[in-house]
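Structure, as structure tokens:
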Amino acid sequence: MIAANAPTKDITIRICRQDAPGKPLRWEEFSVPYRPNMNIISCLQYIAAHPLTTEGRQTTTPVWEAGCLEEVCGACTMVINGRVRQACSTLVDGLGELDAPITLQPMSKFPLVRDLMVDRSRIFNDLKKVKAWVPIDGTYDLGPGPVMSQATQEQRYPLSRCITCGCCLEACPQYRGDNDFVGAAIVSQARLFNSHPIGAALKEERLDTLMGPGGISDCGKAGNCVEVCPKLIPNLESIADVQRQVTVHAVKKFFSGK
């Protein structure tokens with residue numbers, strides 16, 4: 001709680017705005033009263049309630065996407081001061097000097113909807129492409145599933161933390177709008193479900209997909225995915241592991257004639 005006589009200070013939020021795809025791009029600046037421990041979402045909420053630029057011009061409310069506000073849904077991903085991250089867990093205090101403007105931009109690897117909001121459908125479509133699920137249809141009456149070892153659980157848990165936020169894809173130089181590369185998030189999820197005792201039923205189909213266009217061979221191993229992941233998922237380990245799986249699968253297919 002701030003004392004009544006505590007000094008007040010405004011911070012400047014500079015937002016890259018675009019009313020729709022193909023519309024002119026513009027920058028707008030807003031002053032937001034500073035509070036200790038405030039996050040970027042709280043800044044945007046203040047601007048939404050007071051859509052007045054630093055020049056004194058009334059404007060429309062900036063558009064962004066958010067859901068859980070606790071780094072679980074992945075919806076509020078944006079580029080903050082040049083780095084892709086979650087707006088809900090990015091604190092103003094951690095962004096350097098308060099006198100410098102904080103810049104907010106939408107992710108560039110996904111189609112723009114408006115302002116800071118993008119369409120992340122490609123991620124979910126790619127998850128469907130690699131069948132990132134456990135096939136359980138018709139198993140409701142078969143009793144408990146197989147028990148996983150502690151070692152397998154410990155390997156799988158970090159992979160299960162993925163929130164499909166898109167940070168790893170935004171930072172990846174190989175992931176672009178003009179190609180089909182699925183990216184680190186999808187590769188890690190393929191590894192997660194390939195290591196599940198029931199999910200492994202679809203392992204060959206996943207590996208077939210990852211052997212094709214946009215698959216594992218398109219990865220350049222830049223390592224940016226590891227640097228920006230808010231959940232510290234070992235994406236490079238996943239890429240190396242799935243590459244080994246793909247190699248073994250390809251050799252088996254070659255000698256089996258399939």
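Within each chain, counting starts at residue 1; across the structure tokens, chains are named A, B, ... in the order shown, with ligands numbered 1 upward in that order.
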Residues at most 6 Å from A:Arg17, counting only C-alpha atoms, excluding those fewer than 5 positions away in the same chain, as a list in words?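 Near neighbours after the sequence-gap exclusion: Leu25, Arg26, Trp27 and Asp115 of chain A.
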A:Pro144 surroundings by only C-alpha atoms, 12 Å radius, close-in-sequence under 5 positions cut, as a PyMOL selection string: chain A and resi 136+139+198
Between A:Ser188, A:Thr54, A:Ser256, A:Ser42, which is the closest to A:Val242 once you count only C-alpha atoms? A:Ser188
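Those residues that approach stretch 120-134 of chain A to within 7 Å, counting only C-alpha atoms, are Phe110, Val182, Ile186, Gln189, Ala190, Phe193, Ile198, Gly199, Arg206 and Thr209 of chain A; same-chain residues fewer than 4 positions away are not listed.
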I'd like to know which residues of stretch 53-171 of chain A are strand (DSSP E) (by DSSP, run on the backbone); could you write them as a list in words? Thr77, Met78, Val79, Ile80, Arg83, Val84, Arg85, Gln86, Ile102, Thr103, Leu104, Gln105, Leu112, Val113, Arg114, Met117 and Val118 of chain A
Using only C-alpha atoms, determine which residues lie at most 10 Å from stretch 243-248 of chain A, disregarding the query and same-chain residues fewer than 3 positions distant; provide the list as an mmCIF file with N, CA and C atoms, in the first residue's frame.
data_model
loop_
_atom_site.group_PDB
_atom_site.id
_atom_site.type_symbol
_atom_site.label_atom_id
_atom_site.label_comp_id
_atom_site.auth_asym_id
_atom_site.auth_seq_id
_atom_site.Cartn_x
_atom_site.Cartn_y
_atom_site.Cartn_z
ATOM 1 N N VAL A 187 7.082 -29.314 -31.525
ATOM 2 C CA VAL A 187 8.032 -30.425 -31.393
ATOM 3 C C VAL A 187 8.064 -30.933 -29.949
ATOM 4 N N ARG A 191 7.047 -34.666 -28.515
ATOM 5 C CA ARG A 191 7.884 -35.453 -27.603
ATOM 6 C C ARG A 191 7.102 -35.846 -26.356
ATOM 7 N N ASN A 194 4.609 -38.584 -27.349
ATOM 8 C CA ASN A 194 5.307 -39.804 -27.757
ATOM 9 C C ASN A 194 5.808 -40.592 -26.557
ATOM 10 N N LYS A 203 2.550 -42.392 -32.182
ATOM 11 C CA LYS A 203 3.931 -41.923 -32.344
ATOM 12 C C LYS A 203 4.377 -41.946 -33.798
ATOM 13 N N GLU A 204 4.122 -43.040 -34.504
ATOM 14 C CA GLU A 204 4.580 -43.139 -35.888
ATOM 15 C C GLU A 204 3.922 -42.085 -36.770
ATOM 16 N N ARG A 206 2.895 -39.136 -35.771
ATOM 17 C CA ARG A 206 3.515 -37.848 -35.441
ATOM 18 C C ARG A 206 4.867 -37.724 -36.135
ATOM 19 N N LEU A 207 5.659 -38.795 -36.094
ATOM 20 C CA LEU A 207 6.988 -38.746 -36.693
ATOM 21 C C LEU A 207 6.903 -38.632 -38.213
ATOM 22 N N ASP A 208 5.915 -39.280 -38.805
ATOM 23 C CA ASP A 208 5.715 -39.120 -40.252
ATOM 24 C C ASP A 208 5.474 -37.657 -40.596
ATOM 25 N N THR A 209 4.652 -36.997 -39.796
ATOM 26 C CA THR A 209 4.361 -35.574 -40.030
ATOM 27 C C THR A 209 5.618 -34.733 -39.864
ATOM 28 N N LEU A 210 6.391 -35.022 -38.825
ATOM 29 C CA LEU A 210 7.584 -34.229 -38.545
ATOM 30 C C LEU A 210 8.726 -34.540 -39.505
ATOM 31 N N MET A 211 8.602 -35.599 -40.289
ATOM 32 C CA MET A 211 9.579 -35.887 -41.344
ATOM 33 C C MET A 211 9.263 -35.102 -42.613
ATOM 34 N N GLY A 215 8.692 -29.771 -40.952
ATOM 35 C CA GLY A 215 9.002 -30.614 -39.807
ATOM 36 C C GLY A 215 10.332 -30.309 -39.153
ATOM 37 N N ILE A 216 10.873 -31.323 -38.500
ATOM 38 C CA ILE A 216 12.037 -31.148 -37.634
ATOM 39 C C ILE A 216 13.284 -30.716 -38.405
ATOM 40 N N SER A 217 13.396 -31.095 -39.680
ATOM 41 C CA SER A 217 14.603 -30.750 -40.443
ATOM 42 C C SER A 217 14.697 -29.259 -40.738
ATOM 43 N N CYS A 219 14.438 -26.938 -38.542
ATOM 44 C CA CYS A 219 14.963 -26.234 -37.362
ATOM 45 C C CYS A 219 16.440 -25.905 -37.556
ATOM 46 N N GLU A 237 16.420 -29.620 -26.059
ATOM 47 C CA GLU A 237 16.458 -31.050 -25.737
ATOM 48 C C GLU A 237 15.367 -31.789 -26.497
ATOM 49 N N SER A 238 14.186 -31.177 -26.571
ATOM 50 C CA SER A 238 13.074 -31.798 -27.292
ATOM 51 C C SER A 238 13.398 -31.943 -28.775
ATOM 52 N N ILE A 239 13.981 -30.903 -29.345
ATOM 53 C CA ILE A 239 14.321 -30.947 -30.771
ATOM 54 C C ILE A 239 15.336 -32.054 -31.044
ATOM 55 N N ALA A 240 16.370 -32.163 -30.189
ATOM 56 C CA ALA A 240 17.377 -33.211 -30.367
ATOM 57 C C ALA A 240 16.758 -34.598 -30.180
ATOM 58 N N VAL A 251 14.819 -44.973 -40.600
ATOM 59 C CA VAL A 251 15.609 -46.182 -40.879
ATOM 60 C C VAL A 251 14.720 -47.413 -40.869
ATOM 61 N N LYS A 252 13.835 -47.497 -39.895
ATOM 62 C CA LYS A 252 12.927 -48.635 -39.812
ATOM 63 C C LYS A 252 12.010 -48.685 -41.036
ATOM 64 N N LYS A 253 11.519 -47.546 -41.465
ATOM 65 C CA LYS A 253 10.648 -47.504 -42.634
ATOM 66 C C LYS A 253 11.408 -47.930 -43.896
ATOM 67 N N PHE A 254 12.664 -47.519 -43.972
ATOM 68 C CA PHE A 254 13.475 -47.864 -45.151
ATOM 69 C C PHE A 254 13.658 -49.379 -45.272
#
